[in-house]
$ cat protein_5.csv   # CSV, C-alpha atoms (C1' of nucleotides)
chain,number,residue,atom,x,y,z
Q,1069,MET,CA,93.6,225.0,122.8
Q,1070,ARG,CA,89.9,225.0,121.7
Q,1071,ILE,CA,87.1,225.2,124.2
Q,1072,ALA,CA,83.5,224.7,123.2
Q,1073,THR,CA,80.0,224.7,124.6
Q,1074,PHE,CA,76.8,223.1,123.3
Q,1075,ASN,CA,73.3,222.8,124.7
Q,1076,CYS,CA,72.6,219.4,123.2
Q,1077,ASN,CA,69.0,219.1,124.3
Q,1078,SER,CA,69.3,215.4,125.3
Q,1079,ILE,CA,72.6,213.7,125.0
Q,1080,ARG,CA,71.0,210.4,124.0
Q,1081,SER,CA,69.0,212.0,121.2
Q,1082,ARG,CA,72.0,214.1,120.1
Q,1083,LEU,CA,74.8,211.6,120.7
Q,1084,ASP,CA,75.7,211.2,117.0
Q,1085,ALA,CA,75.6,214.9,116.4
Q,1086,VAL,CA,77.9,215.5,119.4
Q,1087,LEU,CA,80.4,212.8,118.5
Q,1088,ARG,CA,80.5,214.1,114.9
Q,1089,TRP,CA,81.0,217.7,116.1
Q,1090,LEU,CA,83.9,216.5,118.3
Q,1091,ALA,CA,85.5,214.6,115.4
Q,1092,ASP,CA,85.0,217.5,113.0
Q,1093,ASN,CA,86.1,220.3,115.3
Q,1094,SER,CA,88.6,218.6,117.6
Q,1095,PRO,CA,88.1,220.7,120.7
Q,1096,ASP,CA,90.2,220.1,123.8
Q,1097,ILE,CA,87.1,220.6,126.0
Q,1098,LEU,CA,83.4,220.6,125.2
Q,1099,CYS,CA,80.8,221.7,127.8
Q,1100,LEU,CA,77.4,220.1,127.3
Q,1101,GLN,CA,74.1,221.3,128.8
Q,1102,GLU,CA,70.6,219.8,129.0
Q,1103,THR,CA,71.8,216.2,128.8
Q,1104,LYS,CA,68.4,215.1,130.2
Q,1105,VAL,CA,69.5,211.8,131.5
Q,1106,GLN,CA,70.2,210.0,134.8
Q,1107,ASP,CA,73.9,209.2,135.4
Q,1108,ALA,CA,73.3,205.4,135.2
Q,1109,GLU,CA,71.9,205.9,131.7
Q,1110,PHE,CA,74.5,208.4,130.4
Q,1111,PRO,CA,76.1,207.1,127.2
Q,1112,ALA,CA,79.6,207.4,128.7
Q,1113,ASP,CA,81.0,204.4,126.8
Q,1114,ALA,CA,80.3,206.0,123.5
Q,1115,PHE,CA,82.6,208.9,124.4
Q,1116,ARG,CA,85.3,206.7,125.9
Q,1117,LEU,CA,85.3,204.5,122.8
Q,1118,ALA,CA,85.8,207.6,120.7
Q,1119,GLY,CA,88.8,208.6,122.8
Q,1120,TRP,CA,87.2,211.2,125.1
Q,1121,GLN,CA,87.1,211.6,128.8
Q,1122,ILE,CA,83.8,212.7,130.3
Q,1123,ALA,CA,82.4,214.0,133.6
Q,1124,PHE,CA,78.7,214.3,134.0
Q,1125,ARG,CA,75.8,214.9,136.4
Q,1126,GLY,CA,72.2,214.6,135.5
Q,1127,GLU,CA,68.7,213.6,136.4
Q,1128,LYS,CA,65.6,212.2,134.7
Q,1129,SER,CA,64.1,214.3,132.0
Q,1130,TYR,CA,65.5,217.8,132.8
Q,1131,ASN,CA,68.8,219.7,133.1
Q,1132,GLY,CA,72.1,217.8,133.3
Q,1133,VAL,CA,75.6,219.0,132.5
Q,1134,ALA,CA,78.8,217.3,131.3
Q,1135,ILE,CA,82.4,218.2,130.4
Q,1136,VAL,CA,84.0,216.2,127.5
Q,1137,SER,CA,87.8,216.5,127.3
Q,1138,ARG,CA,90.7,214.9,125.5
Q,1139,ARG,CA,92.7,214.8,128.7
Q,1140,LYS,CA,91.2,213.6,132.0
Q,1141,ALA,CA,90.3,216.3,134.5
Q,1142,ASP,CA,92.5,216.5,137.6
Q,1143,GLU,CA,89.5,217.4,139.7
Q,1144,VAL,CA,85.8,217.5,139.2
Q,1145,SER,CA,83.0,219.0,141.4
Q,1146,PHE,CA,79.3,219.6,140.9
Q,1147,GLY,CA,76.8,222.2,141.9
Q,1148,LEU,CA,76.5,225.5,143.7
Q,1149,ASP,CA,77.6,225.0,147.3
Q,1150,SER,CA,74.8,227.2,148.7
Q,1151,GLU,CA,71.2,226.6,149.7
Q,1152,PRO,CA,68.7,225.7,148.4
Q,1153,ALA,CA,69.8,222.5,146.8
Q,1154,ASP,CA,69.9,222.9,143.0
Q,1155,ALA,CA,69.2,220.8,140.0
Q,1156,PRO,CA,72.2,219.5,138.1
Q,1157,ARG,CA,73.2,222.7,136.4
Q,1158,LEU,CA,76.9,223.2,137.2
Q,1159,VAL,CA,80.0,221.2,136.8
Q,1160,HIS,CA,83.5,222.4,137.5
Q,1161,ALA,CA,86.7,220.7,136.2
Q,1162,ARG,CA,90.3,221.5,136.7
Q,1163,PHE,CA,93.0,220.6,134.1
Q,1164,GLY,CA,96.3,221.5,135.6
Q,1165,LYS,CA,96.0,225.3,136.3
Q,1166,LEU,CA,93.0,225.7,134.0
Q,1167,HIS,CA,89.6,225.8,135.6
Q,1168,VAL,CA,86.4,225.3,133.6
Q,1169,VAL,CA,82.9,226.0,135.0
Q,1170,ASN,CA,80.1,224.8,132.9
Q,1171,THR,CA,76.6,226.0,133.8
Q,1172,TYR,CA,73.0,225.6,132.6
Q,1173,VAL,CA,71.4,228.7,134.0
Q,1174,PRO,CA,67.6,228.4,134.9
Q,1175,GLN,CA,65.5,229.7,132.1
Q,1176,GLY,CA,63.0,231.5,134.3
Q,1177,ARG,CA,59.8,230.7,132.5
Q,1178,GLU,CA,58.0,234.1,133.0
Q,1179,ILE,CA,58.9,237.4,134.6
Q,1180,GLU,CA,56.1,237.0,137.2
Q,1181,HIS,CA,57.0,233.3,137.9
Q,1182,ALA,CA,58.9,232.2,140.9
Q,1183,MET,CA,61.4,230.6,138.6
Q,1184,TYR,CA,62.5,234.0,137.4
Q,1185,ALA,CA,63.3,235.1,141.0
Q,1186,TYR,CA,65.1,231.8,141.3
Q,1187,LYS,CA,67.1,232.6,138.2
Q,1188,LEU,CA,68.1,236.0,139.4
Q,1189,ALA,CA,69.1,234.5,142.8
Q,1190,TRP,CA,71.0,231.8,140.9
Q,1191,PHE,CA,73.2,234.4,139.2
Q,1192,ALA,CA,73.9,236.0,142.6
Q,1193,ARG,CA,74.8,232.6,144.0
Q,1194,LEU,CA,77.1,232.0,141.1
Q,1195,LYS,CA,78.9,235.3,141.6
Q,1196,THR,CA,79.5,234.3,145.2
Q,1197,TYR,CA,80.7,230.9,144.0
Q,1198,PHE,CA,83.3,232.5,141.7
Q,1199,GLN,CA,84.4,235.0,144.4
Q,1200,LYS,CA,85.0,232.3,146.9
Q,1201,ARG,CA,87.1,230.1,144.7
Q,1202,PHE,CA,88.9,232.2,142.2
Q,1203,THR,CA,90.5,235.6,141.5
Q,1204,THR,CA,90.9,237.4,138.2
Q,1205,ALA,CA,94.4,235.9,138.1
Q,1206,THR,CA,93.0,232.4,137.9
Q,1207,PRO,CA,92.9,230.9,134.4
Q,1208,LEU,CA,89.2,230.3,134.4
Q,1209,LEU,CA,86.7,229.7,131.6
Q,1210,TRP,CA,82.9,230.0,132.3
Q,1211,CYS,CA,80.9,228.3,129.6
Q,1212,GLY,CA,77.4,227.3,129.0
Q,1213,ASP,CA,73.8,228.1,128.2
Q,1214,LEU,CA,73.4,231.2,130.4
Q,1215,ASN,CA,69.8,231.9,129.2
Q,1216,VAL,CA,70.5,235.7,128.8
Q,1217,ALA,CA,71.2,237.9,125.9
Q,1218,ARG,CA,73.6,240.7,126.7
Q,1219,HIS,CA,72.8,243.5,124.3
Q,1220,PRO,CA,70.4,244.5,121.5
Q,1221,ILE,CA,72.7,242.9,119.0
Q,1222,ASP,CA,72.4,239.6,120.7
Q,1223,VAL,CA,68.7,239.0,120.0
Q,1224,SER,CA,66.4,239.6,117.1
Q,1225,ASN,CA,63.8,242.3,117.5
Q,1226,PRO,CA,65.1,243.3,120.9
Q,1227,GLU,CA,62.3,245.9,121.4
Q,1228,THR,CA,59.8,243.1,121.6
Q,1229,LYS,CA,61.8,241.1,124.1
Q,1230,THR,CA,62.1,243.5,127.1
Q,1231,HIS,CA,59.6,241.4,129.1
Q,1232,HIS,CA,61.3,238.1,128.2
Q,1233,VAL,CA,63.1,236.2,131.0
Q,1234,CYS,CA,66.2,236.0,128.8
Q,1235,TYR,CA,66.4,239.7,128.0
Q,1236,HIS,CA,64.6,241.5,130.8
Q,1237,GLN,CA,66.8,244.3,132.3
Q,1238,ALA,CA,67.1,242.6,135.7
Q,1239,VAL,CA,68.6,239.4,134.3
Q,1240,ARG,CA,70.9,241.4,132.0
Q,1241,ASP,CA,72.1,243.4,135.0
Q,1242,ALA,CA,72.6,240.2,137.0
Q,1243,PHE,CA,74.7,238.8,134.2
Q,1244,GLU,CA,76.8,241.9,133.8
Q,1245,ASP,CA,77.4,241.9,137.6
Q,1246,ILE,CA,79.1,238.6,137.3
Q,1247,LEU,CA,81.0,239.6,134.2
Q,1248,ALA,CA,82.4,242.5,136.2
Q,1249,PHE,CA,84.3,239.9,138.2
Q,1250,GLY,CA,86.7,240.0,135.3
Q,1251,PHE,CA,85.2,237.9,132.5
Q,1252,THR,CA,85.6,238.7,128.8
Q,1253,ASP,CA,82.9,237.5,126.4
Q,1254,LEU,CA,85.2,235.9,123.8
Q,1255,PHE,CA,82.7,235.7,121.0
Q,1256,ARG,CA,81.9,239.4,121.2
Q,1257,ARG,CA,85.6,240.3,121.6
Q,1258,HIS,CA,86.5,238.7,118.3
Q,1259,ASN,CA,83.3,239.6,116.4
Q,1260,PRO,CA,82.4,243.0,117.7
Q,1261,ASP,CA,79.6,243.8,115.2
Q,1262,LEU,CA,78.6,240.3,114.0
Q,1263,VAL,CA,74.9,239.3,114.4
Q,1264,ASP,CA,75.1,235.6,115.1
Q,1265,TYR,CA,72.9,233.6,117.4
Q,1266,SER,CA,73.5,230.5,119.3
Q,1267,PHE,CA,69.8,229.5,119.9
Q,1268,TYR,CA,66.8,229.3,117.5
Q,1269,ASP,CA,63.4,228.4,119.0
Q,1270,TYR,CA,61.9,225.2,117.5
Q,1271,ARG,CA,58.6,227.0,117.6
Q,1272,ALA,CA,59.7,229.5,115.0
Q,1273,PRO,CA,60.4,227.0,112.2
Q,1274,PHE,CA,60.1,229.4,109.3
Q,1275,ASN,CA,63.5,230.8,109.9
Q,1276,PRO,CA,65.5,229.8,106.8
Q,1277,ASP,CA,67.9,232.8,107.0
Q,1278,GLN,CA,68.6,232.2,110.7
Q,1279,LYS,CA,67.4,235.7,111.4
Q,1280,ARG,CA,65.3,235.0,114.5
Q,1281,GLY,CA,67.4,233.8,117.4
Q,1282,TRP,CA,69.3,234.6,120.5
Q,1283,ARG,CA,72.9,234.6,121.6
Q,1284,ILE,CA,72.5,233.1,125.0
Q,1285,ASP,CA,75.5,230.6,125.0
Q,1286,TYR,CA,78.9,231.9,126.0
Q,1287,VAL,CA,82.5,231.2,126.5
Q,1288,LEU,CA,83.8,233.7,129.1
Q,1289,ALA,CA,87.4,234.0,130.1
Q,1290,THR,CA,89.4,235.7,132.9
Q,1291,PRO,CA,92.3,238.0,131.9
Q,1292,PRO,CA,95.1,235.4,131.7
Q,1293,LEU,CA,93.1,233.5,129.1
Q,1294,ALA,CA,91.3,236.4,127.4
Q,1295,SER,CA,94.7,237.9,126.6
Q,1296,LYS,CA,95.6,234.7,124.7
Q,1297,SER,CA,92.3,234.3,122.9
Q,1298,ALA,CA,92.7,234.2,119.2
Q,1299,ALA,CA,89.2,233.5,117.7
Q,1300,ALA,CA,85.7,232.6,118.6
Q,1301,ALA,CA,82.7,231.5,116.5
Q,1302,ILE,CA,79.2,229.9,116.5
Q,1303,ASP,CA,79.0,226.8,114.3
Q,1304,LEU,CA,75.6,226.8,112.5
Q,1305,ALA,CA,76.3,223.4,110.8
Q,1306,PRO,CA,74.4,221.2,113.3
Q,1307,ARG,CA,71.2,223.1,112.3
Q,1308,THR,CA,71.3,221.9,108.8
Q,1309,ARG,CA,72.0,218.2,109.6
Q,1310,PRO,CA,69.5,215.3,109.8
Q,1311,LYS,CA,68.7,215.9,113.5
Q,1312,PRO,CA,68.9,219.7,113.8
Q,1313,SER,CA,69.5,221.2,117.2
Q,1314,ASP,CA,67.9,224.4,118.6
Q,1315,HIS,CA,71.2,225.5,120.1
Q,1316,CYS,CA,74.5,225.8,118.1
Q,1317,PRO,CA,78.0,224.9,119.3
Q,1318,LEU,CA,80.1,227.9,120.2
Q,1319,TYR,CA,83.9,227.6,120.4
Q,1320,ALA,CA,86.9,229.7,121.2
Q,1321,ASP,CA,90.6,229.2,120.4
Q,1322,ILE,CA,93.2,230.2,123.0
Q,1323,LYS,CA,96.9,230.2,122.4
Q,1324,GLU,CA,98.8,227.8,124.7
Z,1246,DA,C1',51.2,237.3,114.4
Z,1247,DT,C1',51.1,236.4,121.1
Z,1248,DG,C1',51.4,231.0,117.2
Z,1249,DG,C1',54.7,227.5,116.4
Z,1250,DT,C1',58.1,222.3,117.6
Z,1251,DC,C1',60.9,219.6,120.0
Z,1252,DG,C1',62.6,215.8,124.0
Z,1253,DG,C1',61.3,213.0,127.7
Z,1254,DC,C1',58.1,210.1,128.8
Z,1255,DA,C1',53.9,208.2,128.9
Z,1256,DA,C1',50.1,213.2,130.7
Z,1257,DC,C1',51.8,217.0,130.1
Z,1258,DC,C1',56.2,219.9,131.5
Z,1259,DG,C1',59.8,222.7,130.1
Z,1260,DA,C1',62.2,225.4,126.6
$ encode --input "protein_5.csv" --output "structure tokens"
Amino acid sequence: MRIATFNCNSIRSRLDAVLRWLADNSPDILCLQETKVQDAEFPADAFRLAGWQIAFRGEKSYNGVAIVSRRKADEVSFGLDSEPADAPRLVHARFGKLHVVNTYVPQGREIEHAMYAYKLAWFARLKTYFQKRFTTATPLLWCGDLNVARHPIDVSNPETKTHHVCYHQAVRDAFEDILAFGFTDLFRRHNPDLVDYSFYDYRAPFNPDQKRGWRIDYVLATPPLASKSAAAAIDLAPRTRPKPSDHCPLYADIKE
DNA sequence: ATGGTCGGCAACCGA
């Protein structure tokens, strides 16, 4: 089976790009982030007409997550179950024994901003969420825009990014603390030395060789699935199409 | 070099 994740930066604006990516890549499950639309205005019919099931939760202008799937989920839930109430940043779906958690982690704005403390707390809350529901024996995939680069190889010019909210030591530590639950970073497992990014800031447009970016989107798997993982890659194609995206789809192939 | 461009939405916020 193929599982993928894509921060689409507005599902209405990127609808054609997403449907084309689905048709071209035929994933079983695609996790979307930053759909940026209220549920009543979500273009669900376009997915259903193309043969896809979809579960979504969003709000006006910001955030929003969705899970597109060939098969209908047996169970869907939304959000962290702890206080304070959170923006629509998490959707969980179960397909038989397989659990998928799709998150859009708070970006954090600035190290000194309250949103960065919120981001660090969000990671801690997510760890509790996983610990309460799952064990390392659960076939579980954690996907999404996690707004953190793990290692120097995962960001261009890392020495200049140590005070950035997506590479600061505290957020990297918070991420590793959740990975220690038992997650394997499938892209890095299959491409141990490959410099490939999943995000390219629109504000750095003179980037023809894709040399300035970040690997902040992930497919993470617990041992029962990591052991069956066969390949993982970032697809740069949507960056060279008529409506280029800042994030790139990332997918992993797992043997049945 | 400390900028730059998007998307939503209708002024600027967020990334």
$ residues_around --input "protein_5.csv" --residues "stretch 1247-1257 of chain Z" --least-positions-apart "3" --cutoff "6 Å" --atoms "all atoms listed in the file" --output "list in words"
Ser1129, Tyr1270, Arg1271 and Ala1272 of chain Q
$ closest_atom_pairs --input "protein_5.csv" --of "chain Q" --to "chain Z" --cutoff "9 Å" --atoms "only C-alpha atoms (C1' of nucleotides)" --output "Markdown table"
| residue | atom | partner | partner_atom | distance |
| --- | --- | --- | --- | --- |
| Q:Asn1077 | CA | Z:DG1252 | C1' | 7.2 |
| Q:Ser1078 | CA | Z:DG1252 | C1' | 6.8 |
| Q:Ser1081 | CA | Z:DG1252 | C1' | 8.0 |
| Q:Lys1104 | CA | Z:DG1253 | C1' | 7.8 |
| Q:Lys1128 | CA | Z:DG1253 | C1' | 8.3 |
| Q:Ser1129 | CA | Z:DG1253 | C1' | 5.3 |
| Q:Tyr1130 | CA | Z:DG1259 | C1' | 8.0 |
| Q:Gln1175 | CA | Z:DA1260 | C1' | 7.7 |
| Q:Arg1177 | CA | Z:DA1260 | C1' | 8.3 |
| Q:Asp1269 | CA | Z:DT1250 | C1' | 8.2 |
| Q:Tyr1270 | CA | Z:DT1250 | C1' | 4.8 |
| Q:Arg1271 | CA | Z:DG1249 | C1' | 4.1 |
| Q:Ala1272 | CA | Z:DG1249 | C1' | 5.6 |
| Q:Pro1273 | CA | Z:DG1249 | C1' | 7.1 |
| Q:Asp1314 | CA | Z:DC1251 | C1' | 8.6 |
$ atom_distance --input "protein_5.csv" --atom1 "atom CA of Q:Ile1221" --atom2 "atom CA of Q:His1181"
26.4 Å
$ residues_around --input "protein_5.csv" --residues "stretch 1264-1266 of chain Q" --least-positions-apart "6" --cutoff "6 Å" --atoms "only C-alpha atoms (C1' of nucleotides)" --output "PyMOL selection string"
chain Q and resi 1281-1283+1315-1316
$ atom_distance --input "protein_5.csv" --atom1 "atom CA of Q:Glu1143" --atom2 "atom CA of Q:Glu1324"
20.5 Å
$ atom_distance --input "protein_5.csv" --atom1 "atom CA of Q:Pro1312" --atom2 "atom CA of Q:Pro1174"
22.9 Å
$ residues_around --input "protein_5.csv" --residues "stretch 1123-1125 of chain Q" --least-positions-apart "6" --cutoff "10 Å" --atoms "all atoms listed in the file" --output "number ranges by chain"
Q: 1099-1101, 1103-1108, 1110, 1112, 1131-1137, 1140-1141, 1143-1147, 1155-1161
$ residues_around --input "protein_5.csv" --residues "Q:Leu1098" --least-positions-apart "2" --cutoff "12 Å" --atoms "all atoms listed in the file" --output "PDB file with C-alpha atoms, keeping the file's coordinate frame"
ATOM      1  CA  MET Q1069      93.600 225.000 122.800  1.00  0.00           C
ATOM      2  CA  ARG Q1070      89.900 225.000 121.700  1.00  0.00           C
ATOM      3  CA  ILE Q1071      87.100 225.200 124.200  1.00  0.00           C
ATOM      4  CA  ALA Q1072      83.500 224.700 123.200  1.00  0.00           C
ATOM      5  CA  THR Q1073      80.000 224.700 124.600  1.00  0.00           C
ATOM      6  CA  PHE Q1074      76.800 223.100 123.300  1.00  0.00           C
ATOM      7  CA  ASN Q1075      73.300 222.800 124.700  1.00  0.00           C
ATOM      8  CA  CYS Q1076      72.600 219.400 123.200  1.00  0.00           C
ATOM      9  CA  VAL Q1086      77.900 215.500 119.400  1.00  0.00           C
ATOM     10  CA  LEU Q1087      80.400 212.800 118.500  1.00  0.00           C
ATOM     11  CA  TRP Q1089      81.000 217.700 116.100  1.00  0.00           C
ATOM     12  CA  LEU Q1090      83.900 216.500 118.300  1.00  0.00           C
ATOM     13  CA  ALA Q1091      85.500 214.600 115.400  1.00  0.00           C
ATOM     14  CA  ASN Q1093      86.100 220.300 115.300  1.00  0.00           C
ATOM     15  CA  SER Q1094      88.600 218.600 117.600  1.00  0.00           C
ATOM     16  CA  PRO Q1095      88.100 220.700 120.700  1.00  0.00           C
ATOM     17  CA  ASP Q1096      90.200 220.100 123.800  1.00  0.00           C
ATOM     18  CA  LEU Q1100      77.400 220.100 127.300  1.00  0.00           C
ATOM     19  CA  GLN Q1101      74.100 221.300 128.800  1.00  0.00           C
ATOM     20  CA  PHE Q1115      82.600 208.900 124.400  1.00  0.00           C
ATOM     21  CA  TRP Q1120      87.200 211.200 125.100  1.00  0.00           C
ATOM     22  CA  GLN Q1121      87.100 211.600 128.800  1.00  0.00           C
ATOM     23  CA  ILE Q1122      83.800 212.700 130.300  1.00  0.00           C
ATOM     24  CA  ALA Q1123      82.400 214.000 133.600  1.00  0.00           C
ATOM     25  CA  PHE Q1124      78.700 214.300 134.000  1.00  0.00           C
ATOM     26  CA  VAL Q1133      75.600 219.000 132.500  1.00  0.00           C
ATOM     27  CA  ALA Q1134      78.800 217.300 131.300  1.00  0.00           C
ATOM     28  CA  ILE Q1135      82.400 218.200 130.400  1.00  0.00           C
ATOM     29  CA  VAL Q1136      84.000 216.200 127.500  1.00  0.00           C
ATOM     30  CA  SER Q1137      87.800 216.500 127.300  1.00  0.00           C
ATOM     31  CA  ARG Q1138      90.700 214.900 125.500  1.00  0.00           C
ATOM     32  CA  ARG Q1139      92.700 214.800 128.700  1.00  0.00           C
ATOM     33  CA  ALA Q1161      86.700 220.700 136.200  1.00  0.00           C
ATOM     34  CA  VAL Q1168      86.400 225.300 133.600  1.00  0.00           C
ATOM     35  CA  VAL Q1169      82.900 226.000 135.000  1.00  0.00           C
ATOM     36  CA  ASN Q1170      80.100 224.800 132.900  1.00  0.00           C
ATOM     37  CA  LEU Q1209      86.700 229.700 131.600  1.00  0.00           C
ATOM     38  CA  TRP Q1210      82.900 230.000 132.300  1.00  0.00           C
ATOM     39  CA  CYS Q1211      80.900 228.300 129.600  1.00  0.00           C
ATOM     40  CA  GLY Q1212      77.400 227.300 129.000  1.00  0.00           C
ATOM     41  CA  VAL Q1287      82.500 231.200 126.500  1.00  0.00           C
ATOM     42  CA  PRO Q1317      78.000 224.900 119.300  1.00  0.00           C
ATOM     43  CA  LEU Q1318      80.100 227.900 120.200  1.00  0.00           C
ATOM     44  CA  TYR Q1319      83.900 227.600 120.400  1.00  0.00           C
ATOM     45  CA  ALA Q1320      86.900 229.700 121.200  1.00  0.00           C
TER      46      ALA Q1320
END
